[in-house]
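Here the structure comes first, spelled out in structure tokens, and everything after it is commentary.
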Amino acid sequence: MNRKILMLLFLSTAALAHDNDSDEHQDTTESIQAATQNQREEESMHSEHHVTGTAELSDFPNLHPLVVHIPIMLLVFAAVLQLISFFVFREALSWIVMGAVLVGFVGAYAAAVWTHPHVSDLTEQARKVYETHDTYAQWTLWLSGIATVFKGLSHFLFHRKTWAEAVVALTLLAAAYTVSLAGHHGAQLVFIEGVGPQGHYLESEKEHSH
């Protein structure tokens, strides 16, 4: 009789332990499945982004790199065309230069004011490069604005007289020079000092507002 009781107790304990092990195994399995599912979803999103190769504007920590190429390209382009216009197609090229320098000025304003990146915790070297970049950017903004006014006066008021066009050419060459130096120091900030990639050393708009 005692043997039967002991046998029943043993079987009951074994069954209970088996049930607990099954529950734990099921919980572990479910956890693993959930983690695997999350990993697959993340990999799927990453794979989709990798395939398309296109990031949303909201993915960028700052839009300055997207805007700054407008004045770099157009101000240099305007300066070159202004020089060419002394020799050929004066009226036609004058219209093109006027449009290029105007859009270049708007781009310079957008880059220097609207999308200007705010930085923090820079190294001493990076701080010096940043301040130099900022100085040339401000010079570019002023020179491109002055060139826009001078070109309008030369085209409409002075009817492209040589002396007026020469003043425009000198101002545009100065703007092309400063924007090139600003771009050079901007590239140094990104590729050498590491300012900007993945938001490094950049303040968010929320942080800056405080």
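So you can find residues: chains in the structure tokens are A, B, ... in the order shown, residues in each start at 1, and ligands are numbered from 1 in order.
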
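Summary of the local environment: counting only C-alpha atoms, residues at most 7 Å from region 91-95 of chain A, other than itself and those fewer than 4 positions away along its chain, are Leu81, Ser85 and Gly99 of chain A.
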
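All residues within region 165-198 of chain A that the backbone DSSP calculation assigns to alpha helix (DSSP H) are Glu165, Ala166, Val167, Val168, Ala169, Leu170, Thr171, Leu172, Leu173, Ala174, Ala175, Ala176, Tyr177, Thr178, Val179, Ser180, Leu181, Ala182, Gly183, His184, His185, Gly186, Ala187, Gln188, Leu189, Val190 and Phe191 of chain A.
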
Within 6 Å of region 142-154 of chain A using only C-alpha atoms, minus same-chain residues under 6 positions, as an MDAnalysis selection string: chainID A and resid 101:102 105 160 164 168 171:172 175

Residues as selected, N, CA and C atoms, written as a PDB file, in the first residue's frame, can you do that?
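Contents of result.pdb, freshly written:
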ATOM      1  N   VAL A 101      22.474  84.575 -60.549  1.00  0.00           N
ATOM      2  CA  VAL A 101      22.956  85.239 -59.335  1.00  0.00           C
ATOM      3  C   VAL A 101      21.810  85.467 -58.354  1.00  0.00           C
ATOM      4  N   LEU A 102      20.602  85.700 -58.873  1.00  0.00           N
ATOM      5  CA  LEU A 102      19.447  85.878 -57.990  1.00  0.00           C
ATOM      6  C   LEU A 102      19.139  84.589 -57.233  1.00  0.00           C
ATOM      7  N   PHE A 105      21.853  83.871 -54.741  1.00  0.00           N
ATOM      8  CA  PHE A 105      21.711  84.668 -53.515  1.00  0.00           C
ATOM      9  C   PHE A 105      20.653  84.073 -52.590  1.00  0.00           C
ATOM     10  N   ARG A 160      23.786  97.564 -69.770  1.00  0.00           N
ATOM     11  CA  ARG A 160      24.966  96.716 -69.908  1.00  0.00           C
ATOM     12  C   ARG A 160      26.197  97.470 -70.414  1.00  0.00           C
ATOM     13  N   ALA A 164      29.774  99.130 -66.045  1.00  0.00           N
ATOM     14  CA  ALA A 164      28.804  98.543 -65.118  1.00  0.00           C
ATOM     15  C   ALA A 164      28.937  97.024 -65.090  1.00  0.00           C
ATOM     16  N   VAL A 168      29.979  94.345 -61.994  1.00  0.00           N
ATOM     17  CA  VAL A 168      29.251  93.097 -61.724  1.00  0.00           C
ATOM     18  C   VAL A 168      30.208  91.917 -61.755  1.00  0.00           C
ATOM     19  N   THR A 171      32.387  91.774 -58.621  1.00  0.00           N
ATOM     20  CA  THR A 171      31.604  91.356 -57.449  1.00  0.00           C
ATOM     21  C   THR A 171      31.282  89.871 -57.508  1.00  0.00           C
ATOM     22  N   LEU A 172      30.939  89.395 -58.697  1.00  0.00           N
ATOM     23  CA  LEU A 172      30.637  87.973 -58.856  1.00  0.00           C
ATOM     24  C   LEU A 172      31.874  87.104 -58.650  1.00  0.00           C
ATOM     25  N   ALA A 175      32.354  86.841 -55.000  1.00  0.00           N
ATOM     26  CA  ALA A 175      31.376  85.919 -54.418  1.00  0.00           C
ATOM     27  C   ALA A 175      31.730  84.468 -54.730  1.00  0.00           C
TER      28      ALA A 175
END

For Val129 (chain A), the closest of A:Gly53, A:Gly194, A:Gly107, A:Pro65 counting only C-alpha atoms is A:Gly194

- [ ] Can you pull out every residue within 8 Å of Leu74 (chain A), counting only C-alpha atoms, but drop anything in the same chain fewer than 6 positions away, and send it as a ChimeraX atom specification?
- [x] /A:100-101,103-104

Export of prior selection with N, CA and C atoms as a PDB file, in the first residue's frame:
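Dumped everything to selection-v8.pdb:
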ATOM      1  N   ALA A 100      20.794  83.506 -62.558  1.00  0.00           N
ATOM      2  CA  ALA A 100      21.681  82.633 -61.782  1.00  0.00           C
ATOM      3  C   ALA A 100      22.117  83.292 -60.482  1.00  0.00           C
ATOM      4  N   VAL A 101      22.474  84.575 -60.549  1.00  0.00           N
ATOM      5  CA  VAL A 101      22.956  85.239 -59.335  1.00  0.00           C
ATOM      6  C   VAL A 101      21.810  85.467 -58.354  1.00  0.00           C
ATOM      7  N   VAL A 103      19.070  83.471 -57.956  1.00  0.00           N
ATOM      8  CA  VAL A 103      18.804  82.189 -57.306  1.00  0.00           C
ATOM      9  C   VAL A 103      19.969  81.797 -56.404  1.00  0.00           C
ATOM     10  N   GLY A 104      21.197  82.133 -56.832  1.00  0.00           N
ATOM     11  CA  GLY A 104      22.363  81.856 -55.999  1.00  0.00           C
ATOM     12  C   GLY A 104      22.304  82.615 -54.682  1.00  0.00           C
TER      13      GLY A 104
END

Discussion item. Please list as a PyMOL selection string every residue within 7 Å of region 116-124 of chain A, counting only C-alpha atoms and excluding residues in the same chain fewer than 4 positions away.
Written reply: chain A and resi 62+64+111-112+128+201-203

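In this structure, CA of Gly183 (chain A) sits 16.0 Å away from CA of Pro197 (chain A).
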
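Restricting the calculation to only C-alpha atoms, the smallest distance between Tyr130 (chain A) and any of A:Ala187, A:Ala55, A:Val113, A:Val97 is found for A:Ala187.
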
Nearest to Val67 (chain A), restricted to only C-alpha atoms and choosing among A:Val88, A:Ala108, A:Ala176, A:Ala137, comes out as A:Ala108

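Of the listed residues (A:Trp114, A:Phe86, A:Trp139, A:Tyr109), A:Phe86 comes nearest to Ala166 (chain A); the distances count only C-alpha atoms.
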
As a check of understanding: the span from CA of Leu57 (chain A) to CA of Val195 (chain A) is 18.9 Å

From CA of Leu75 (chain A) to CA of Gln125 (chain A) the spacing works out at 28.6 Å
